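Student: Below is the file upload25.pdb, with PDB, C-alpha atoms.
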```pdb
ATOM      1  CA  MET A 592     -28.323  -1.572  -8.655
ATOM      2  CA  PRO A 593     -31.367  -2.886 -10.518
ATOM      3  CA  ARG A 594     -31.323  -6.488 -11.479
ATOM      4  CA  ASP A 595     -31.543  -7.344 -15.141
ATOM      5  CA  THR A 596     -34.118 -10.075 -15.373
ATOM      6  CA  ALA A 597     -33.231 -10.684 -19.016
ATOM      7  CA  TYR A 598     -29.903 -12.017 -17.848
ATOM      8  CA  GLN A 599     -31.584 -14.540 -15.632
ATOM      9  CA  MET A 600     -33.250 -16.087 -18.633
ATOM     10  CA  THR A 601     -29.971 -16.536 -20.492
ATOM     11  CA  GLU A 602     -28.316 -19.895 -20.211
ATOM     12  CA  PRO A 603     -24.871 -19.536 -18.612
ATOM     13  CA  GLU A 604     -23.522 -22.448 -20.687
ATOM     14  CA  GLY A 605     -20.875 -21.411 -23.168
ATOM     15  CA  GLN A 606     -20.179 -18.084 -21.527
ATOM     16  CA  THR A 607     -16.744 -17.110 -20.326
ATOM     17  CA  ASP A 608     -16.015 -16.751 -16.648
ATOM     18  CA  ASP A 609     -15.529 -13.040 -17.259
ATOM     19  CA  ALA A 610     -19.010 -12.756 -18.737
ATOM     20  CA  LEU A 611     -20.550 -14.728 -15.900
ATOM     21  CA  LEU A 612     -18.805 -12.574 -13.335
ATOM     22  CA  ALA A 613     -20.144  -9.443 -15.033
ATOM     23  CA  ARG A 614     -23.636 -10.935 -14.994
ATOM     24  CA  TYR A 615     -23.227 -11.776 -11.332
ATOM     25  CA  ALA A 616     -22.260  -8.166 -10.620
ATOM     26  CA  GLN A 617     -25.460  -7.082 -12.366
ATOM     27  CA  GLY A 618     -27.556  -9.197 -10.046
ATOM     28  CA  ASP A 619     -27.907 -12.461 -11.940
ATOM     29  CA  ALA A 620     -28.241 -15.288  -9.431
ATOM     30  CA  ALA A 621     -27.922 -17.964 -12.132
ATOM     31  CA  ALA A 622     -24.477 -16.616 -12.983
ATOM     32  CA  ALA A 623     -23.410 -17.076  -9.366
ATOM     33  CA  ARG A 624     -24.505 -20.691  -9.437
ATOM     34  CA  ALA A 625     -22.774 -21.315 -12.765
ATOM     35  CA  LEU A 626     -19.517 -19.789 -11.559
ATOM     36  CA  LEU A 627     -19.698 -21.819  -8.389
ATOM     37  CA  ASP A 628     -20.149 -25.031 -10.357
ATOM     38  CA  ARG A 629     -17.239 -24.168 -12.620
ATOM     39  CA  LEU A 630     -14.705 -22.790 -10.214
ATOM     40  CA  ALA A 631     -15.341 -23.918  -6.654
ATOM     41  CA  PRO A 632     -14.666 -27.671  -7.051
ATOM     42  CA  ARG A 633     -11.161 -26.964  -8.363
ATOM     43  CA  VAL A 634     -10.553 -24.468  -5.604
ATOM     44  CA  LEU A 635     -11.638 -26.989  -2.991
ATOM     45  CA  ARG A 636      -9.454 -29.714  -4.490
ATOM     46  CA  LEU A 637      -6.428 -27.429  -4.543
ATOM     47  CA  ALA A 638      -7.027 -26.301  -0.967
ATOM     48  CA  ARG A 639      -7.514 -29.883   0.167
ATOM     49  CA  ARG A 640      -4.312 -31.000  -1.502
ATOM     50  CA  LEU A 641      -2.357 -28.190   0.089
ATOM     51  CA  LEU A 642      -3.871 -28.346   3.555
ATOM     52  CA  GLN A 643      -4.779 -32.035   3.845
ATOM     53  CA  ASP A 644      -7.745 -31.074   5.965
ATOM     54  CA  GLN A 645     -11.304 -31.014   4.633
ATOM     55  CA  ALA A 646     -12.668 -28.443   7.091
ATOM     56  CA  GLU A 647      -9.790 -26.043   6.541
ATOM     57  CA  ALA A 648      -9.993 -26.572   2.794
ATOM     58  CA  GLU A 649     -13.675 -25.643   2.874
ATOM     59  CA  ASP A 650     -12.910 -22.531   4.915
ATOM     60  CA  VAL A 651     -10.276 -21.459   2.412
ATOM     61  CA  THR A 652     -12.605 -22.169  -0.510
ATOM     62  CA  GLN A 653     -15.361 -20.152   1.101
ATOM     63  CA  GLU A 654     -13.030 -17.237   1.766
ATOM     64  CA  ALA A 655     -11.579 -17.321  -1.760
ATOM     65  CA  MET A 656     -15.019 -17.431  -3.383
ATOM     66  CA  LEU A 657     -16.241 -14.627  -1.146
ATOM     67  CA  ARG A 658     -13.334 -12.476  -2.288
ATOM     68  CA  LEU A 659     -14.261 -13.192  -5.889
ATOM     69  CA  TRP A 660     -17.859 -12.084  -5.268
ATOM     70  CA  GLN A 661     -16.644  -8.943  -3.552
ATOM     71  CA  ILE A 662     -14.314  -7.977  -6.376
ATOM     72  CA  ALA A 663     -16.892  -8.765  -9.071
ATOM     73  CA  PRO A 664     -18.232  -5.183  -9.493
ATOM     74  CA  ASP A 665     -14.695  -3.913 -10.121
ATOM     75  CA  TRP A 666     -13.546  -6.846 -12.232
ATOM     76  CA  GLN A 667     -11.736  -5.841 -15.429
ATOM     77  CA  ALA A 668     -12.660  -8.290 -18.161
ATOM     78  CA  GLY A 669      -9.875  -9.262 -20.519
ATOM     79  CA  GLY A 670      -7.170  -9.246 -17.868
ATOM     80  CA  ALA A 671      -6.407 -12.194 -15.630
ATOM     81  CA  LYS A 672      -8.970 -14.966 -15.795
ATOM     82  CA  PRO A 673     -11.176 -15.351 -12.723
ATOM     83  CA  SER A 674      -9.949 -18.946 -12.398
ATOM     84  CA  THR A 675      -6.306 -17.794 -12.363
ATOM     85  CA  TRP A 676      -7.054 -15.049  -9.872
ATOM     86  CA  LEU A 677      -8.956 -17.482  -7.684
ATOM     87  CA  HIS A 678      -6.132 -19.985  -7.906
ATOM     88  CA  ARG A 679      -3.667 -17.405  -6.672
ATOM     89  CA  VAL A 680      -5.912 -16.306  -3.815
ATOM     90  CA  THR A 681      -6.460 -19.917  -2.775
ATOM     91  CA  VAL A 682      -2.766 -20.712  -2.771
ATOM     92  CA  ASN A 683      -2.043 -17.616  -0.692
ATOM     93  CA  LEU A 684      -4.801 -18.377   1.807
ATOM     94  CA  ALA A 685      -3.707 -21.999   2.126
ATOM     95  CA  THR A 686      -0.021 -21.217   2.572
ATOM     96  CA  ASP A 687      -0.923 -18.574   5.159
ATOM     97  CA  ARG A 688      -2.816 -21.223   7.068
ATOM     98  CA  LEU A 689       0.073 -23.630   6.858
ATOM     99  CA  ARG A 690       2.343 -20.958   8.298
ATOM    100  CA  ARG A 691      -0.071 -20.210  11.120
ATOM    101  CA  ARG A 692      -0.581 -23.897  11.771
ATOM    102  CA  ARG A 693       3.105 -24.293  12.498
ATOM    103  CA  GLY A 694       3.497 -20.888  14.104
ATOM    104  CA  VAL A 695       6.625 -20.265  12.047
ATOM    105  CA  ALA A 696       7.459 -19.252   8.512
ATOM    106  CA  LEU A 697       6.814 -21.973   5.977
ATOM    107  CA  ASP A 698      10.453 -21.941   4.891
ATOM    108  CA  ALA A 699      11.645 -22.438   8.454
ATOM    109  CA  ILE A 700       9.971 -25.796   8.909
ATOM    110  CA  GLU A 701      12.463 -28.560   9.403
ATOM    111  CA  GLU A 702      12.025 -31.455   7.037
ATOM    112  CA  PRO A 703      11.624 -34.857   8.656
ATOM    113  CA  ASP A 704      13.744 -37.839   7.711
ATOM    114  CA  ASP A 705      12.830 -40.500   5.223
ATOM    115  CA  PRO A 706       9.319 -41.918   5.304
ATOM    116  CA  THR A 707       8.461 -44.331   8.040
ATOM    117  CA  PRO A 708       8.651 -47.943   6.806
ATOM    118  CA  GLY A 709       5.263 -49.538   6.565
ATOM    119  CA  VAL A 710       3.391 -46.295   6.024
ATOM    120  CA  VAL A 711       2.579 -47.240   2.460
ATOM    121  CA  ASP A 712       1.250 -50.600   3.589
ATOM    122  CA  ALA A 713      -1.128 -48.790   5.892
ATOM    123  CA  MET A 714      -2.697 -46.789   3.071
ATOM    124  CA  ILE A 715      -6.170 -47.807   2.147
ATOM    125  CA  ASP A 716      -6.957 -49.160  -1.302
ATOM    126  CA  GLY A 717      -8.063 -46.793  -3.968
ATOM    127  CA  ASP A 718      -7.563 -45.662  -7.498
ATOM    128  CA  ARG A 719      -4.517 -43.866  -8.839
ATOM    129  CA  LYS A 720      -5.787 -40.421  -8.016
ATOM    130  CA  ARG A 721      -6.589 -41.434  -4.495
ATOM    131  CA  ALA A 722      -3.228 -43.127  -4.102
ATOM    132  CA  LEU A 723      -1.474 -39.961  -5.204
ATOM    133  CA  ASP A 724      -3.526 -37.837  -2.810
ATOM    134  CA  GLU A 725      -2.729 -40.194   0.051
ATOM    135  CA  ALA A 726       0.965 -40.093  -0.752
ATOM    136  CA  LEU A 727       0.843 -36.293  -0.955
ATOM    137  CA  ALA A 728      -0.666 -36.237   2.513
ATOM    138  CA  LEU A 729       2.433 -37.951   3.854
ATOM    139  CA  LEU A 730       4.800 -35.284   2.565
ATOM    140  CA  PRO A 731       6.057 -32.439   4.737
ATOM    141  CA  ASP A 732       4.065 -29.251   4.126
ATOM    142  CA  ARG A 733       6.711 -27.402   2.145
ATOM    143  CA  GLN A 734       7.423 -30.327  -0.134
ATOM    144  CA  ARG A 735       3.720 -30.919  -0.688
ATOM    145  CA  VAL A 736       2.997 -27.294  -1.532
ATOM    146  CA  ALA A 737       5.913 -27.142  -3.968
ATOM    147  CA  VAL A 738       5.085 -30.353  -5.804
ATOM    148  CA  VAL A 739       1.342 -29.653  -5.936
ATOM    149  CA  LEU A 740       1.864 -26.177  -7.358
ATOM    150  CA  ARG A 741       4.520 -27.335  -9.818
ATOM    151  CA  HIS A 742       3.189 -30.656 -11.052
ATOM    152  CA  LEU A 743      -0.545 -30.578 -10.385
ATOM    153  CA  GLU A 744      -1.280 -26.897 -10.841
ATOM    154  CA  GLY A 745       1.349 -26.179 -13.481
ATOM    155  CA  MET A 746       2.783 -23.062 -11.859
ATOM    156  CA  THR A 747       6.268 -21.914 -12.788
ATOM    157  CA  ASN A 748       9.089 -22.136 -10.284
ATOM    158  CA  PRO A 749       9.437 -18.333  -9.978
ATOM    159  CA  ASP A 750       5.702 -18.052  -9.268
ATOM    160  CA  ILE A 751       5.914 -20.777  -6.661
ATOM    161  CA  ALA A 752       8.947 -19.108  -5.123
ATOM    162  CA  ALA A 753       7.058 -15.823  -4.860
ATOM    163  CA  THR A 754       4.009 -17.537  -3.377
ATOM    164  CA  MET A 755       6.000 -19.465  -0.797
ATOM    165  CA  GLY A 756       8.365 -16.598  -0.028
ATOM    166  CA  ILE A 757      11.485 -18.608  -0.854
ATOM    167  CA  GLY A 758      14.052 -18.686  -3.626
ATOM    168  CA  VAL A 759      13.693 -20.498  -6.930
ATOM    169  CA  GLU A 760      16.504 -22.881  -6.031
ATOM    170  CA  ALA A 761      14.720 -23.808  -2.833
ATOM    171  CA  VAL A 762      11.592 -24.556  -4.862
ATOM    172  CA  GLU A 763      13.572 -26.821  -7.174
ATOM    173  CA  SER A 764      15.109 -28.610  -4.228
ATOM    174  CA  LEU A 765      11.756 -29.064  -2.500
ATOM    175  CA  THR A 766      10.146 -30.351  -5.675
ATOM    176  CA  ALA A 767      12.937 -32.835  -6.326
ATOM    177  CA  ARG A 768      12.808 -34.138  -2.775
ATOM    178  CA  ALA A 769       9.045 -34.373  -2.906
ATOM    179  CA  LYS A 770       9.181 -36.417  -6.089
ATOM    180  CA  ARG A 771      11.745 -38.772  -4.609
ATOM    181  CA  ARG A 772       9.534 -39.257  -1.568
ATOM    182  CA  LEU A 773       6.455 -39.834  -3.667
ATOM    183  CA  ALA A 774       8.320 -42.370  -5.796
ATOM    184  CA  GLN A 775       9.235 -44.250  -2.627
ATOM    185  CA  LEU A 776       5.787 -43.985  -1.098
ATOM    186  CA  LEU A 777       3.986 -45.169  -4.200
ATOM    187  CA  ALA A 778       6.370 -47.982  -5.163
ATOM    188  CA  GLY A 779       4.516 -50.367  -2.881
ATOM    189  CA  ARG A 780       1.295 -49.674  -4.774
ATOM    190  CA  ARG A 781       2.727 -50.272  -8.213
ATOM    191  CA  GLU A 782       0.271 -53.029  -9.063
ATOM    192  CA  GLU A 783      -2.689 -51.063  -7.766
ATOM    193  CA  LEU A 784      -1.571 -48.110  -9.847
ATOM    194  CA  GLY A 785      -1.529 -50.226 -12.961
ATOM    195  CA  PHE A 786       2.242 -50.239 -13.415
ATOM    196  CA  GLU A 787       4.221 -53.351 -14.245
ATOM    197  CA  THR A 788       5.636 -55.014 -11.142
TER     198      THR A 788
ATOM    199  CA  MET B 112       1.773 -51.576 -18.224
ATOM    200  CA  ASN B 113       5.435 -50.925 -18.818
ATOM    201  CA  GLN B 114       6.221 -47.286 -18.216
ATOM    202  CA  GLY B 115       9.865 -47.429 -19.249
ATOM    203  CA  ARG B 116      11.254 -48.237 -15.845
ATOM    204  CA  LYS B 117      14.230 -50.237 -17.095
ATOM    205  CA  ASN B 118      17.139 -50.142 -14.687
ATOM    206  CA  GLN B 119      14.901 -48.657 -11.989
ATOM    207  CA  SER B 120      14.834 -49.935  -8.441
ATOM    208  CA  PRO B 121      11.622 -51.809  -7.581
ATOM    209  CA  ASP B 122      11.557 -49.791  -4.368
ATOM    210  CA  VAL B 123      10.783 -46.532  -6.125
ATOM    211  CA  LEU B 124       8.451 -45.443  -8.863
ATOM    212  CA  ALA B 125      10.129 -44.427 -12.114
ATOM    213  CA  GLU B 126       9.983 -40.753 -12.973
ATOM    214  CA  ILE B 127       7.905 -41.484 -16.029
ATOM    215  CA  GLU B 128       5.421 -43.374 -13.875
ATOM    216  CA  LEU B 129       5.218 -40.536 -11.420
ATOM    217  CA  ASP B 130       4.783 -38.036 -14.229
ATOM    218  CA  SER B 131       1.917 -40.087 -15.626
ATOM    219  CA  LEU B 132       0.217 -39.909 -12.219
ATOM    220  CA  PHE B 133       0.698 -36.137 -12.168
ATOM    221  CA  GLN B 134      -0.659 -35.876 -15.690
ATOM    222  CA  GLN B 135      -3.729 -37.887 -14.816
ATOM    223  CA  ALA B 136      -4.323 -35.888 -11.652
ATOM    224  CA  GLN B 137      -4.175 -32.662 -13.664
ATOM    225  CA  GLU B 138      -6.662 -33.921 -16.201
ATOM    226  CA  ASP B 139      -9.120 -35.493 -13.781
ATOM    227  CA  ALA B 140     -12.224 -33.451 -13.176
ATOM    228  CA  PRO B 141     -12.584 -32.499  -9.532
ATOM    229  CA  THR B 142     -15.340 -34.156  -7.574
ATOM    230  CA  PRO B 143     -18.514 -32.094  -7.141
ATOM    231  CA  LEU B 144     -18.879 -30.063  -3.987
ATOM    232  CA  PRO B 145     -20.687 -31.600  -1.027
ATOM    233  CA  GLU B 146     -24.263 -30.331  -1.205
ATOM    234  CA  PRO B 147     -24.401 -28.485   2.149
ATOM    235  CA  PHE B 148     -21.119 -26.791   1.345
ATOM    236  CA  GLN B 149     -22.361 -25.767  -2.071
ATOM    237  CA  ALA B 150     -25.483 -24.304  -0.483
ATOM    238  CA  ARG B 151     -23.304 -22.335   1.907
ATOM    239  CA  LEU B 152     -21.210 -20.948  -0.928
ATOM    240  CA  LEU B 153     -24.300 -20.016  -2.893
ATOM    241  CA  ALA B 154     -25.754 -18.213   0.115
ATOM    242  CA  ASP B 155     -22.488 -16.268   0.386
ATOM    243  CA  ALA B 156     -22.637 -15.405  -3.287
ATOM    244  CA  LEU B 157     -26.196 -14.151  -3.125
ATOM    245  CA  SER B 158     -25.677 -12.145   0.041
ATOM    246  CA  ALA B 159     -22.551 -10.517  -1.397
ATOM    247  CA  GLN B 160     -24.289  -9.739  -4.681
ATOM    248  CA  PRO B 161     -24.671  -6.037  -5.467
ATOM    249  CA  GLY B 162     -28.158  -4.932  -4.505
ATOM    250  CA  ALA B 163     -28.508  -7.642  -1.874
ATOM    251  CA  ALA B 164     -26.960  -5.618   0.947
ATOM    252  CA  PRO B 165     -30.210  -4.278   2.496
ATOM    253  CA  GLN B 166     -31.598  -7.798   2.651
ATOM    254  CA  ARG B 167     -28.470  -8.975   4.326
ATOM    255  CA  VAL B 168     -28.637  -6.226   6.960
ATOM    256  CA  TRP B 169     -32.324  -6.936   7.575
ATOM    257  CA  SER B 170     -31.786 -10.685   7.894
ATOM    258  CA  ARG B 171     -28.905 -10.071  10.284
ATOM    259  CA  LEU B 172     -31.128  -7.772  12.368
ATOM    260  CA  VAL B 173     -33.919 -10.342  12.453
ATOM    261  CA  GLY B 174     -31.450 -13.039  13.443
ATOM    262  CA  TRP B 175     -30.047 -10.847  16.183
ATOM    263  CA  LEU B 176     -33.498  -9.996  17.517
ATOM    264  CA  GLY B 177     -34.377 -13.677  17.473
ATOM    265  CA  GLU B 178     -31.866 -14.222  20.234
ATOM    266  CA  PHE B 179     -33.909 -11.896  22.428
ATOM    267  CA  GLY B 180     -37.230 -13.627  21.965
ATOM    268  CA  GLY B 181     -38.079 -12.349  18.523
ATOM    269  CA  VAL B 182     -40.725  -9.736  17.835
ATOM    270  CA  PRO B 183     -42.824 -10.486  20.989
ATOM    271  CA  GLY B 184     -39.757 -10.229  23.191
ATOM    272  CA  VAL B 185     -38.675  -6.968  21.633
ATOM    273  CA  ALA B 186     -42.253  -5.610  21.887
ATOM    274  CA  GLY B 187     -42.268  -6.404  25.619
ATOM    275  CA  VAL B 188     -38.950  -4.680  26.135
ATOM    276  CA  ALA B 189     -40.159  -1.674  24.142
ATOM    277  CA  ALA B 190     -43.398  -1.440  26.161
ATOM    278  CA  ALA B 191     -41.454  -1.587  29.415
ATOM    279  CA  GLY B 192     -39.166   1.147  28.128
ATOM    280  CA  VAL B 193     -42.086   3.399  27.169
ATOM    281  CA  ALA B 194     -43.706   2.813  30.548
ATOM    282  CA  GLY B 195     -40.458   3.721  32.264
ATOM    283  CA  VAL B 196     -40.184   6.949  30.307
ATOM    284  CA  TRP B 197     -43.787   7.832  31.110
ATOM    285  CA  ILE B 198     -43.284   7.177  34.799
ATOM    286  CA  GLY B 199     -40.154   9.289  34.748
ATOM    287  CA  PHE B 200     -41.912  12.248  33.145
ATOM    288  CA  SER B 201     -45.095  12.050  35.184
ATOM    289  CA  GLY B 202     -43.121  12.134  38.470
ATOM    290  CA  PRO B 203     -45.574  10.182  40.591
ATOM    291  CA  GLY B 204     -43.566  10.722  43.782
ATOM    292  CA  LEU B 205     -43.778   8.030  46.440
ATOM    293  CA  THR B 206     -44.621   4.520  45.315
ATOM    294  CA  GLY B 207     -47.660   4.495  47.602
ATOM    295  CA  ASP B 208     -49.077   7.374  45.599
ATOM    296  CA  LEU B 209     -48.168   5.545  42.431
ATOM    297  CA  VAL B 210     -50.233   2.528  43.493
ATOM    298  CA  THR B 211     -53.140   4.815  44.266
ATOM    299  CA  GLU B 212     -52.747   6.525  40.937
ATOM    300  CA  PHE B 213     -52.827   3.277  39.001
ATOM    301  CA  TRP B 214     -55.416   1.562  41.184
ATOM    302  CA  GLN B 215     -58.098   3.936  42.323
ATOM    303  CA  GLY B 216     -59.340   2.998  45.765
ATOM    304  CA  ALA B 217     -56.258   0.935  46.546
ATOM    305  CA  ALA B 218     -55.653   3.039  49.657
ATOM    306  CA  THR B 219     -58.961   1.947  51.053
ATOM    307  CA  VAL B 220     -58.340  -1.765  50.698
ATOM    308  CA  SER B 221     -54.605  -1.772  51.324
ATOM    309  CA  PRO B 222     -53.863  -1.200  55.004
ATOM    310  CA  THR B 223     -50.800   0.683  56.119
ATOM    311  CA  VAL B 224     -48.022  -1.351  57.645
ATOM    312  CA  SER B 225     -48.850  -0.103  61.141
ATOM    313  CA  SER B 226     -52.502  -1.044  60.907
ATOM    314  CA  TRP B 227     -51.586  -4.397  59.421
ATOM    315  CA  VAL B 228     -49.286  -5.169  62.346
ATOM    316  CA  GLU B 229     -51.851  -3.938  64.832
ATOM    317  CA  ASP B 230     -54.462  -6.241  63.389
ATOM    318  CA  GLY B 231     -52.112  -9.179  63.926
ATOM    319  CA  PRO B 232     -52.223 -10.667  60.465
ATOM    320  CA  LEU B 233     -50.123 -13.660  61.525
ATOM    321  CA  VAL B 234     -52.779 -14.793  63.913
ATOM    322  CA  VAL B 235     -55.509 -16.879  62.411
ATOM    323  CA  ALA B 236     -58.366 -17.916  64.671
ATOM    324  CA  GLY B 237     -56.256 -18.555  67.734
ATOM    325  CA  SER B 238     -53.352 -20.203  65.915
ATOM    326  CA  ASP B 239     -50.523 -18.156  64.566
ATOM    327  CA  LEU B 240     -49.394 -18.552  61.016
ATOM    328  CA  LEU B 241     -45.928 -19.840  61.906
ATOM    329  CA  SER B 242     -47.318 -22.771  63.839
ATOM    330  CA  LEU B 243     -49.578 -23.590  60.904
ATOM    331  CA  MET B 244     -46.547 -23.612  58.629
ATOM    332  CA  ASN B 245     -44.726 -25.948  61.008
ATOM    333  CA  ASP B 246     -47.650 -28.364  60.924
ATOM    334  CA  GLU B 247     -47.599 -28.256  57.164
ATOM    335  CA  ALA B 248     -43.911 -29.064  57.102
ATOM    336  CA  GLU B 249     -44.419 -32.078  59.321
TER     337      GLU B 249
END
```
Once you've parsed the file, please lay out its structure as structure tokens.
Tutor:
Amino acid sequence: MPRDTAYQMTEPEGQTDDALLARYAQGDAAAARALLDRLAPRVLRLARRLLQDQAEAEDVTQEAMLRLWQIAPDWQAGGAKPSTWLHRVTVNLATDRLRRRRGVALDAIEEPDDPTPGVVDAMIDGDRKRALDEALALLPDRQRVAVVLRHLEGMTNPDIAATMGIGVEAVESLTARAKRRLAQLLAGRREELGFET
Amino acid sequence: MNQGRKNQSPDVLAEIELDSLFQQAQEDAPTPLPEPFQARLLADALSAQPGAAPQRVWSRLVGWLGEFGGVPGVAGVAAAGVAGVWIGFSGPGLTGDLVTEFWQGAATVSPTVSSWVEDGPLVVAGSDLLSLMNDEAE
């Protein structure tokens, strides 16, 4: 397919993701870079939050982005947004990895007991975002996935249930337990978080 | 900052406090990608781009050949292959004939095994070669 050099002279700023993806499919390298800058950091953050492993998160991000590039020529503009599609692919790839990591289904993982005393004290200093990420890392996988998808990614409970392969009630239970755990884990950092002690 | 945590235990964060953390985490811009990782993703994007496939195949081929010594290595292997085919088709027969064919006059300077043994090649001016080697070793 011939490359349209006129596209390469157009600034990608202000264009929709759909438009950029179409330009990418027509051979515009600048569109690829613009889409990467827009979409990949969020994908990496989501993967890192779910997997709690930088190398695995990068692998998942790379795979998700590659799938986006591969589907670009067939992309139907006006349907799902590329960011939404990418989000779904990332969640699926990450949850698949979590399942493989444990060697069992994600919903078969036994939840550990209450958090170990002193764990919070061992956390390194940081800002609120960092504190939340560190507390998320201490959650069991299922709880972390549920709370990240519900409260950080804004997915609905039915969508989360479908993604995780469990029922809606199980999602609600996991989310509630995760929030209780986070509230416990972060209580010791109240001052650092800027809350009244 | 009071986040409405009246009647809450000091051992847990109030729900409103936790929700404010979630809200902030949602709104925060993600950190930029590490540069090497970004370069890797961009390379993926460009190689997967429509119209870039032939380049990708060629670069893979070059990379694969590089493991075998690159172009000079492949040229050597190709030359040896051509020579082998030529030898096979020309049917030179015994290797002695082959040497003669390649090196005209070789038969006159290269003695046969029997004549070589008869001449006593291991004897050098009254001292055999093995004893010379022993001296060298000592």
Student: Applied to the shown file, which residues does the PyMOL selection byres ((chain B and resi 148-164) around 12) return, written as a PyMOL selection string?
Tutor: (chain A and resi 592-595+612-632+635+645-646+648-665) or (chain B and resi 143-147+165-171)
Student: Those residues you just picked out, can you put them in a file as a compact mmCIF listing (two decimals), in the frame of the given file with C-alpha atoms?
Tutor:
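File produced: again_34.txt:
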```
# COMPACT_ATOMS: atom_id res chain seq x y z
CA MET A 592 -28.32 -1.57 -8.65
CA PRO A 593 -31.37 -2.89 -10.52
CA ARG A 594 -31.32 -6.49 -11.48
CA ASP A 595 -31.54 -7.34 -15.14
CA LEU A 612 -18.80 -12.57 -13.34
CA ALA A 613 -20.14 -9.44 -15.03
CA ARG A 614 -23.64 -10.94 -14.99
CA TYR A 615 -23.23 -11.78 -11.33
CA ALA A 616 -22.26 -8.17 -10.62
CA GLN A 617 -25.46 -7.08 -12.37
CA GLY A 618 -27.56 -9.20 -10.05
CA ASP A 619 -27.91 -12.46 -11.94
CA ALA A 620 -28.24 -15.29 -9.43
CA ALA A 621 -27.92 -17.96 -12.13
CA ALA A 622 -24.48 -16.62 -12.98
CA ALA A 623 -23.41 -17.08 -9.37
CA ARG A 624 -24.50 -20.69 -9.44
CA ALA A 625 -22.77 -21.32 -12.76
CA LEU A 626 -19.52 -19.79 -11.56
CA LEU A 627 -19.70 -21.82 -8.39
CA ASP A 628 -20.15 -25.03 -10.36
CA ARG A 629 -17.24 -24.17 -12.62
CA LEU A 630 -14.70 -22.79 -10.21
CA ALA A 631 -15.34 -23.92 -6.65
CA PRO A 632 -14.67 -27.67 -7.05
CA LEU A 635 -11.64 -26.99 -2.99
CA GLN A 645 -11.30 -31.01 4.63
CA ALA A 646 -12.67 -28.44 7.09
CA ALA A 648 -9.99 -26.57 2.79
CA GLU A 649 -13.68 -25.64 2.87
CA ASP A 650 -12.91 -22.53 4.92
CA VAL A 651 -10.28 -21.46 2.41
CA THR A 652 -12.60 -22.17 -0.51
CA GLN A 653 -15.36 -20.15 1.10
CA GLU A 654 -13.03 -17.24 1.77
CA ALA A 655 -11.58 -17.32 -1.76
CA MET A 656 -15.02 -17.43 -3.38
CA LEU A 657 -16.24 -14.63 -1.15
CA ARG A 658 -13.33 -12.48 -2.29
CA LEU A 659 -14.26 -13.19 -5.89
CA TRP A 660 -17.86 -12.08 -5.27
CA GLN A 661 -16.64 -8.94 -3.55
CA ILE A 662 -14.31 -7.98 -6.38
CA ALA A 663 -16.89 -8.76 -9.07
CA PRO A 664 -18.23 -5.18 -9.49
CA ASP A 665 -14.70 -3.91 -10.12
CA PRO B 143 -18.51 -32.09 -7.14
CA LEU B 144 -18.88 -30.06 -3.99
CA PRO B 145 -20.69 -31.60 -1.03
CA GLU B 146 -24.26 -30.33 -1.20
CA PRO B 147 -24.40 -28.48 2.15
CA PRO B 165 -30.21 -4.28 2.50
CA GLN B 166 -31.60 -7.80 2.65
CA ARG B 167 -28.47 -8.98 4.33
CA VAL B 168 -28.64 -6.23 6.96
CA TRP B 169 -32.32 -6.94 7.58
CA SER B 170 -31.79 -10.68 7.89
CA ARG B 171 -28.90 -10.07 10.28
```
Student: Select, from A:Ala761, A:Ala737, A:Arg691, A:Asp724, the residue with the minimum atom-to-atom distance to chain B, counting all atoms listed in the file.
Tutor: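 Closest to chain B of all the choices is A:Asp724.
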Student: Compare A:Asp732, A:Val680, A:Ala671, A:Ala722 by their minimum atom-to-atom distance to Arg692 in chain A, counting all atoms listed in the file, and give me the closest one.
Tutor: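 Using all atoms listed in the file, the shortest distance to Arg692 in chain A belongs to A:Asp732.
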Student: Point out the residue among A:Lys672, A:Arg679, A:Glu763, A:Glu744 with the least atom-to-atom distance to chain B, counting all atoms listed in the file.
Tutor: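 Nearest candidate to chain B out of A:Lys672, A:Arg679, A:Glu763, A:Glu744: A:Glu744.
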Student: Go through A:Leu773, A:Val682, A:Leu641, A:Ala778 one by one, measure the shortest atom-to-atom distance of each to chain B using only C-alpha atoms, and give the residue with the smallest value.
Tutor: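 Ranked by minimum distance to chain B, first place goes to A:Ala778.
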Student: Quick one, how far is CA of Pro749 in chain A from CA of Val762 in chain A?
Tutor: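 That distance, rounded to one decimal, is 8.3 Å.
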Student: Compare A:Leu642, A:Ala728, A:Ala774, A:Ala769 by their minimum atom-to-atom distance to chain B, counting all atoms listed in the file, and give me the closest one.
Tutor: A:Ala774
Student: Which is closer to Pro673 in chain A than all the others in A:Gln643, A:Gln775, A:Thr607, A:Asn748, using only C-alpha atoms?
Tutor: A:Thr607
Student: Where does the PyMOL selection byres ((chain A and resi 770) around 10) land in this file, that is, which residues does it pick, as number ranges by chain?
Tutor: A: 727, 730, 734-735, 738, 742, 764-769, 771-776; B: 124, 126, 129-130
Student: How many Å separate CA of Phe133 in chain B from CA of Val736 in chain A?
Tutor: 14.0 Å
Student: One number please: CA of Asn683 in chain A to CA of Gly670 in chain A, in Å, one decimal.
Tutor: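 Straight-line distance from CA of Asn683 in chain A to CA of Gly670 in chain A works out to 19.8 Å.
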